[in-house]
Amino acid sequence: MRTPTNPLQAVREIRGTVLGTIQALLANSGEQRDMGKPYLLAPADLQVIKAAGVTFAASMIERVIEEKAGGDAHRAEEVRALVHEVIGNNLRNLRPGSPEAMRLKQVLIEQNMWSQYLEVGIGPDAEIFTKAPILAAVGSGSAIGIHPGSSWNNPEPEVVLAVDSQGRIHGATLGNDVNLRDFEGRSALLLSKAKDNNAVLEITAEKPVQREQNR
């Protein structure tokens with residue numbers, strides 16, 4: 001039997017029992033679901049789910065400058081001038097991990113403007129962490145989980161990718177990345193406590209995508 005290389009084609013060629021329309025599945029996937037009828041689960045169940053902290057270097061640097069300057073516009077402008085001397089006027093051209101980024105890091109350290117968040121924003125290593133352990137994610141319409149000790153938390157819409165062990169993308173969908181801002185803000189060492197909880201990630205029904213063939 002030939003194995004399709006196109007994920008969308010593979011889904012279309014599956015033969016099996018029809019469980020219902022996507023509209024019916026979605027309608028029965030809320031908190032008041034009928035457990036006797038099919039409903040949507042998270043498309044990942046027996047895999048640990050990883051997440052990447054992605055922040056644009058330009059906005060991250062500007063935010064740190066403003067926070068460290070403590071509302072002193074003159075002080076903030078002085079630091080911006082030093083930054084521009086190192087990398088020019090366009091922060092958007094800054095490549096994380098580049099020699100220019102490392103020179104900028106040294107300038108910010110000397111000005112007492114360095115932050116642990118800048119390390120993953122302009123440093124050579126991206127922020128990759130465990131978002132949800134096995135069986136901790138929930139599907140469309142399900143109630144999310146919030147740590148009882150948290151009073152400042154928020155949902156974040158994120159792009160979710162289905163990736164194999166070789167780094168190839170097989171599907172894409174949307175997810176609700178629940179964050180506990182109060183825990184995370186107290187210390188970076190509490191990141192796992194802020195991120196890694198039951199039902200702390202809601203993933204919608206997965207949509208296969210077709211990769212471009214000539215890249």
# chains A, B, ... in the order shown; residues from 1 in each chain; ligands from 1
>>> select_by_dssp(residues="range 125-209 of chain A", states="strand (DSSP E)", output="number ranges by chain")
A: 127-132, 153-154, 157-163, 169-177, 179-180, 201-203, 207-208
>>> residues_around(residues="range 44-58 of chain A", least_positions_apart="5", cutoff="10 Å", atoms="only C-alpha atoms", output="VMD selection string")
chain A and resid 63 90 to 96 101 117 to 118 120 to 123 126 to 139 158 160 to 162 177 195 to 196 201 203 206
>>> write_last_selection(atoms="C-alpha atoms", output="compact mmCIF listing (two decimals), in the first residue's frame")
# COMPACT_ATOMS: atom_id res chain seq x y z
CA ARG A 63 10.49 47.75 26.83
CA ASN A 90 16.90 50.07 12.99
CA LEU A 91 16.56 47.52 15.79
CA ARG A 92 14.52 45.31 13.47
CA ASN A 93 17.73 44.38 11.64
CA LEU A 94 19.25 42.93 14.81
CA ARG A 95 19.89 39.19 14.44
CA PRO A 96 19.87 37.24 17.73
CA ALA A 101 23.79 41.49 19.31
CA TYR A 117 14.46 38.14 29.03
CA LEU A 118 16.90 39.90 26.71
CA VAL A 120 16.56 34.79 24.96
CA GLY A 121 15.57 37.77 22.82
CA ILE A 122 18.96 38.68 21.37
CA GLY A 123 21.18 35.85 22.63
CA ALA A 126 15.97 30.47 21.92
CA GLU A 127 13.66 29.96 24.88
CA ILE A 128 12.27 26.41 24.60
CA PHE A 129 10.35 24.97 27.53
CA THR A 130 7.84 22.26 28.42
CA LYS A 131 4.36 23.73 28.10
CA ALA A 132 2.26 20.70 28.94
CA PRO A 133 3.12 17.14 30.03
CA ILE A 134 1.50 14.01 28.64
CA LEU A 135 -2.33 14.10 28.72
CA ALA A 136 -2.37 17.65 30.13
CA ALA A 137 -3.69 19.46 27.04
CA VAL A 138 -7.42 19.70 26.39
CA GLY A 139 -9.44 20.03 23.19
CA GLU A 158 -0.82 30.86 19.79
CA VAL A 160 0.43 25.24 17.40
CA LEU A 161 2.51 23.03 15.09
CA ALA A 162 2.48 19.24 14.81
CA ASP A 177 -1.63 29.23 25.94
CA LYS A 195 3.32 26.94 32.55
CA ASP A 196 3.18 23.24 33.38
CA LEU A 201 -3.20 24.41 27.11
CA ILE A 203 -5.67 22.98 21.35
CA GLU A 206 -5.90 20.07 14.01
>>> closest_residue(among="A:Glu100, A:Val79, A:Lys193, A:Val159", to="Ala172 in chain A", atoms="only C-alpha atoms")
A:Val159
>>> select_by_dssp(residues="chain A", states="alpha helix (DSSP H)", output="PDB file with C-alpha atoms, in the first residue's frame")
ATOM      1  CA  PRO A   7      -0.682  15.039   4.966  1.00  0.00           C
ATOM      2  CA  LEU A   8      -3.927  16.437   3.544  1.00  0.00           C
ATOM      3  CA  GLN A   9      -4.112  13.620   1.003  1.00  0.00           C
ATOM      4  CA  ALA A  10      -3.455  11.086   3.758  1.00  0.00           C
ATOM      5  CA  VAL A  11      -6.415  12.377   5.761  1.00  0.00           C
ATOM      6  CA  ARG A  12      -8.706  12.335   2.729  1.00  0.00           C
ATOM      7  CA  ILE A  22     -17.230  18.945  12.595  1.00  0.00           C
ATOM      8  CA  GLN A  23     -20.116  21.241  13.528  1.00  0.00           C
ATOM      9  CA  ALA A  24     -21.692  18.502  15.656  1.00  0.00           C
ATOM     10  CA  LEU A  25     -18.365  17.668  17.292  1.00  0.00           C
ATOM     11  CA  LEU A  26     -17.708  21.315  18.123  1.00  0.00           C
ATOM     12  CA  ALA A  27     -21.222  21.754  19.488  1.00  0.00           C
ATOM     13  CA  ALA A  57      14.078  41.954  19.698  1.00  0.00           C
ATOM     14  CA  ALA A  58      13.137  45.557  18.884  1.00  0.00           C
ATOM     15  CA  SER A  59      10.073  45.675  21.137  1.00  0.00           C
ATOM     16  CA  MET A  60      11.825  43.696  23.877  1.00  0.00           C
ATOM     17  CA  ILE A  61      14.827  46.052  24.029  1.00  0.00           C
ATOM     18  CA  GLU A  62      12.627  49.145  24.023  1.00  0.00           C
ATOM     19  CA  ARG A  63      10.492  47.748  26.827  1.00  0.00           C
ATOM     20  CA  VAL A  64      13.524  46.971  28.988  1.00  0.00           C
ATOM     21  CA  ILE A  65      14.978  50.445  28.370  1.00  0.00           C
ATOM     22  CA  GLU A  66      11.744  52.122  29.441  1.00  0.00           C
ATOM     23  CA  GLU A  67      11.354  49.948  32.529  1.00  0.00           C
ATOM     24  CA  LYS A  68      14.953  50.376  33.667  1.00  0.00           C
ATOM     25  CA  ALA A  69      14.841  54.134  33.065  1.00  0.00           C
ATOM     26  CA  ALA A  73      12.776  60.118  29.444  1.00  0.00           C
ATOM     27  CA  HIS A  74      16.251  61.698  29.338  1.00  0.00           C
ATOM     28  CA  ARG A  75      17.875  58.566  30.741  1.00  0.00           C
ATOM     29  CA  ALA A  76      15.975  56.356  28.285  1.00  0.00           C
ATOM     30  CA  GLU A  77      17.097  58.534  25.374  1.00  0.00           C
ATOM     31  CA  GLU A  78      20.729  58.276  26.487  1.00  0.00           C
ATOM     32  CA  VAL A  79      20.561  54.480  26.425  1.00  0.00           C
ATOM     33  CA  ARG A  80      18.819  54.480  23.028  1.00  0.00           C
ATOM     34  CA  ALA A  81      21.653  56.610  21.655  1.00  0.00           C
ATOM     35  CA  LEU A  82      24.197  54.061  22.898  1.00  0.00           C
ATOM     36  CA  VAL A  83      22.175  51.246  21.330  1.00  0.00           C
ATOM     37  CA  HIS A  84      22.083  53.096  18.004  1.00  0.00           C
ATOM     38  CA  GLU A  85      25.854  53.560  18.119  1.00  0.00           C
ATOM     39  CA  VAL A  86      26.264  49.792  18.303  1.00  0.00           C
ATOM     40  CA  ILE A  87      23.689  48.531  15.802  1.00  0.00           C
ATOM     41  CA  PRO A  99      28.296  39.810  16.849  1.00  0.00           C
ATOM     42  CA  GLU A 100      26.222  43.019  16.824  1.00  0.00           C
ATOM     43  CA  ALA A 101      23.789  41.493  19.307  1.00  0.00           C
ATOM     44  CA  MET A 102      26.649  40.468  21.599  1.00  0.00           C
ATOM     45  CA  ARG A 103      28.109  43.993  21.475  1.00  0.00           C
ATOM     46  CA  LEU A 104      24.679  45.386  22.315  1.00  0.00           C
ATOM     47  CA  LYS A 105      24.448  42.976  25.239  1.00  0.00           C
ATOM     48  CA  GLN A 106      27.709  44.338  26.633  1.00  0.00           C
ATOM     49  CA  VAL A 107      26.472  47.928  26.289  1.00  0.00           C
ATOM     50  CA  LEU A 108      23.236  47.131  28.116  1.00  0.00           C
ATOM     51  CA  ILE A 109      25.133  45.336  30.892  1.00  0.00           C
ATOM     52  CA  GLU A 110      27.414  48.351  31.346  1.00  0.00           C
ATOM     53  CA  GLN A 116      17.173  37.776  31.674  1.00  0.00           C
ATOM     54  CA  TYR A 117      14.464  38.144  29.031  1.00  0.00           C
ATOM     55  CA  LEU A 118      16.903  39.897  26.709  1.00  0.00           C
ATOM     56  CA  GLU A 119      19.141  36.829  26.872  1.00  0.00           C
ATOM     57  CA  VAL A 120      16.563  34.786  24.961  1.00  0.00           C
ATOM     58  CA  GLY A 121      15.565  37.766  22.822  1.00  0.00           C
ATOM     59  CA  ILE A 122      18.962  38.682  21.371  1.00  0.00           C
ATOM     60  CA  ARG A 181       1.693  36.153  35.107  1.00  0.00           C
ATOM     61  CA  ASP A 182       2.038  36.473  38.867  1.00  0.00           C
ATOM     62  CA  PHE A 183       4.076  33.263  39.200  1.00  0.00           C
ATOM     63  CA  GLU A 184       6.252  33.956  36.177  1.00  0.00           C
ATOM     64  CA  GLY A 185       6.882  37.550  37.232  1.00  0.00           C
ATOM     65  CA  ARG A 186       8.174  36.569  40.666  1.00  0.00           C
ATOM     66  CA  LEU A 191       8.397  29.154  34.877  1.00  0.00           C
ATOM     67  CA  SER A 192       7.476  25.476  35.150  1.00  0.00           C
ATOM     68  CA  LYS A 193       5.002  26.261  37.933  1.00  0.00           C
ATOM     69  CA  ALA A 194       3.478  28.979  35.767  1.00  0.00           C
ATOM     70  CA  LYS A 195       3.319  26.945  32.554  1.00  0.00           C
TER      71      LYS A 195
END
>>> atom_distance(atom1="CA of Asn179 in chain A", atom2="CA of Asn153 in chain A")
5.5 Å
>>> atom_distance(atom1="CA of Pro148 in chain A", atom2="CA of Thr173 in chain A")
28.4 Å
>>> decode(residues="range 113-148 of chain A", atoms="N, CA and C atoms", output="PDB file, in the first residue's frame")
ATOM      1  N   MET A 113      21.214  47.813  32.221  1.00  0.00           N
ATOM      2  CA  MET A 113      19.945  47.670  31.520  1.00  0.00           C
ATOM      3  C   MET A 113      19.681  46.229  31.090  1.00  0.00           C
ATOM      4  N   TRP A 114      20.528  45.319  31.540  1.00  0.00           N
ATOM      5  CA  TRP A 114      20.376  43.938  31.072  1.00  0.00           C
ATOM      6  C   TRP A 114      19.240  43.246  31.807  1.00  0.00           C
ATOM      7  N   SER A 115      18.588  42.318  31.115  1.00  0.00           N
ATOM      8  CA  SER A 115      17.471  41.558  31.671  1.00  0.00           C
ATOM      9  C   SER A 115      17.589  40.110  31.216  1.00  0.00           C
ATOM     10  N   GLN A 116      17.138  39.191  32.045  1.00  0.00           N
ATOM     11  CA  GLN A 116      17.173  37.776  31.674  1.00  0.00           C
ATOM     12  C   GLN A 116      16.316  37.511  30.439  1.00  0.00           C
ATOM     13  N   TYR A 117      15.308  38.331  30.210  1.00  0.00           N
ATOM     14  CA  TYR A 117      14.464  38.144  29.031  1.00  0.00           C
ATOM     15  C   TYR A 117      15.194  38.553  27.754  1.00  0.00           C
ATOM     16  N   LEU A 118      16.119  39.509  27.875  1.00  0.00           N
ATOM     17  CA  LEU A 118      16.903  39.897  26.709  1.00  0.00           C
ATOM     18  C   LEU A 118      17.836  38.773  26.275  1.00  0.00           C
ATOM     19  N   GLU A 119      18.238  37.932  27.215  1.00  0.00           N
ATOM     20  CA  GLU A 119      19.141  36.829  26.872  1.00  0.00           C
ATOM     21  C   GLU A 119      18.518  35.916  25.826  1.00  0.00           C
ATOM     22  N   VAL A 120      17.222  35.648  25.946  1.00  0.00           N
ATOM     23  CA  VAL A 120      16.563  34.786  24.961  1.00  0.00           C
ATOM     24  C   VAL A 120      16.017  35.594  23.791  1.00  0.00           C
ATOM     25  N   GLY A 121      16.041  36.927  23.916  1.00  0.00           N
ATOM     26  CA  GLY A 121      15.565  37.766  22.822  1.00  0.00           C
ATOM     27  C   GLY A 121      16.642  38.086  21.807  1.00  0.00           C
ATOM     28  N   ILE A 122      17.878  38.337  22.293  1.00  0.00           N
ATOM     29  CA  ILE A 122      18.962  38.682  21.371  1.00  0.00           C
ATOM     30  C   ILE A 122      20.151  37.738  21.501  1.00  0.00           C
ATOM     31  N   GLY A 123      20.097  36.807  22.454  1.00  0.00           N
ATOM     32  CA  GLY A 123      21.184  35.850  22.625  1.00  0.00           C
ATOM     33  C   GLY A 123      21.127  34.725  21.602  1.00  0.00           C
ATOM     34  N   PRO A 124      22.107  33.817  21.631  1.00  0.00           N
ATOM     35  CA  PRO A 124      22.185  32.755  20.620  1.00  0.00           C
ATOM     36  C   PRO A 124      21.190  31.617  20.817  1.00  0.00           C
ATOM     37  N   ASP A 125      20.620  31.498  22.017  1.00  0.00           N
ATOM     38  CA  ASP A 125      19.743  30.361  22.309  1.00  0.00           C
ATOM     39  C   ASP A 125      18.301  30.818  22.503  1.00  0.00           C
ATOM     40  N   ALA A 126      17.391  30.152  21.793  1.00  0.00           N
ATOM     41  CA  ALA A 126      15.968  30.470  21.924  1.00  0.00           C
ATOM     42  C   ALA A 126      15.416  29.893  23.226  1.00  0.00           C
ATOM     43  N   GLU A 127      14.319  30.455  23.677  1.00  0.00           N
ATOM     44  CA  GLU A 127      13.660  29.957  24.882  1.00  0.00           C
ATOM     45  C   GLU A 127      12.716  28.813  24.499  1.00  0.00           C
ATOM     46  N   ILE A 128      13.097  27.588  24.845  1.00  0.00           N
ATOM     47  CA  ILE A 128      12.270  26.410  24.599  1.00  0.00           C
ATOM     48  C   ILE A 128      11.972  25.764  25.949  1.00  0.00           C
ATOM     49  N   PHE A 129      10.707  25.533  26.230  1.00  0.00           N
ATOM     50  CA  PHE A 129      10.351  24.969  27.529  1.00  0.00           C
ATOM     51  C   PHE A 129       9.179  24.000  27.380  1.00  0.00           C
ATOM     52  N   THR A 130       8.967  23.192  28.410  1.00  0.00           N
ATOM     53  CA  THR A 130       7.844  22.262  28.416  1.00  0.00           C
ATOM     54  C   THR A 130       6.574  23.017  28.779  1.00  0.00           C
ATOM     55  N   LYS A 131       5.622  23.020  27.867  1.00  0.00           N
ATOM     56  CA  LYS A 131       4.363  23.727  28.099  1.00  0.00           C
ATOM     57  C   LYS A 131       3.341  22.840  28.792  1.00  0.00           C
ATOM     58  N   ALA A 132       3.259  21.593  28.360  1.00  0.00           N
ATOM     59  CA  ALA A 132       2.265  20.696  28.942  1.00  0.00           C
ATOM     60  C   ALA A 132       2.797  19.268  28.911  1.00  0.00           C
ATOM     61  N   PRO A 133       2.687  18.540  30.019  1.00  0.00           N
ATOM     62  CA  PRO A 133       3.123  17.143  30.031  1.00  0.00           C
ATOM     63  C   PRO A 133       2.109  16.250  29.319  1.00  0.00           C
ATOM     64  N   ILE A 134       2.389  14.975  29.288  1.00  0.00           N
ATOM     65  CA  ILE A 134       1.499  14.012  28.636  1.00  0.00           C
ATOM     66  C   ILE A 134       0.093  14.083  29.236  1.00  0.00           C
ATOM     67  N   LEU A 135      -0.908  14.102  28.357  1.00  0.00           N
ATOM     68  CA  LEU A 135      -2.332  14.100  28.723  1.00  0.00           C
ATOM     69  C   LEU A 135      -2.778  15.353  29.475  1.00  0.00           C
ATOM     70  N   ALA A 136      -1.987  16.435  29.414  1.00  0.00           N
ATOM     71  CA  ALA A 136      -2.365  17.654  30.134  1.00  0.00           C
ATOM     72  C   ALA A 136      -3.114  18.650  29.258  1.00  0.00           C
ATOM     73  N   ALA A 137      -2.983  18.546  27.930  1.00  0.00           N
ATOM     74  CA  ALA A 137      -3.687  19.465  27.040  1.00  0.00           C
ATOM     75  C   ALA A 137      -5.142  19.028  26.883  1.00  0.00           C
ATOM     76  N   VAL A 138      -6.003  19.993  26.596  1.00  0.00           N
ATOM     77  CA  VAL A 138      -7.421  19.698  26.388  1.00  0.00           C
ATOM     78  C   VAL A 138      -7.834  20.188  25.006  1.00  0.00           C
ATOM     79  N   GLY A 139      -8.988  19.711  24.536  1.00  0.00           N
ATOM     80  CA  GLY A 139      -9.441  20.027  23.192  1.00  0.00           C
ATOM     81  C   GLY A 139     -10.353  21.234  23.123  1.00  0.00           C
ATOM     82  N   SER A 140     -10.857  21.487  21.922  1.00  0.00           N
ATOM     83  CA  SER A 140     -11.704  22.652  21.656  1.00  0.00           C
ATOM     84  C   SER A 140     -12.895  22.718  22.602  1.00  0.00           C
ATOM     85  N   GLY A 141     -13.136  23.903  23.156  1.00  0.00           N
ATOM     86  CA  GLY A 141     -14.304  24.118  23.988  1.00  0.00           C
ATOM     87  C   GLY A 141     -14.179  23.644  25.416  1.00  0.00           C
ATOM     88  N   SER A 142     -13.066  23.011  25.761  1.00  0.00           N
ATOM     89  CA  SER A 142     -12.905  22.489  27.119  1.00  0.00           C
ATOM     90  C   SER A 142     -12.508  23.598  28.085  1.00  0.00           C
ATOM     91  N   ALA A 143     -12.802  23.373  29.354  1.00  0.00           N
ATOM     92  CA  ALA A 143     -12.401  24.331  30.381  1.00  0.00           C
ATOM     93  C   ALA A 143     -10.894  24.250  30.587  1.00  0.00           C
ATOM     94  N   ILE A 144     -10.246  25.393  30.704  1.00  0.00           N
ATOM     95  CA  ILE A 144      -8.811  25.423  30.948  1.00  0.00           C
ATOM     96  C   ILE A 144      -8.538  25.270  32.439  1.00  0.00           C
ATOM     97  N   GLY A 145      -7.290  24.964  32.768  1.00  0.00           N
ATOM     98  CA  GLY A 145      -6.911  24.806  34.164  1.00  0.00           C
ATOM     99  C   GLY A 145      -6.050  25.963  34.637  1.00  0.00           C
ATOM    100  N   ILE A 146      -6.372  26.522  35.791  1.00  0.00           N
ATOM    101  CA  ILE A 146      -5.597  27.618  36.376  1.00  0.00           C
ATOM    102  C   ILE A 146      -5.203  27.230  37.794  1.00  0.00           C
ATOM    103  N   HIS A 147      -3.938  27.396  38.110  1.00  0.00           N
ATOM    104  CA  HIS A 147      -3.441  27.071  39.439  1.00  0.00           C
ATOM    105  C   HIS A 147      -4.227  27.866  40.491  1.00  0.00           C
ATOM    106  N   PRO A 148      -4.680  27.212  41.565  1.00  0.00           N
ATOM    107  CA  PRO A 148      -5.502  27.919  42.564  1.00  0.00           C
ATOM    108  C   PRO A 148      -4.773  29.054  43.267  1.00  0.00           C
TER     109      PRO A 148
END
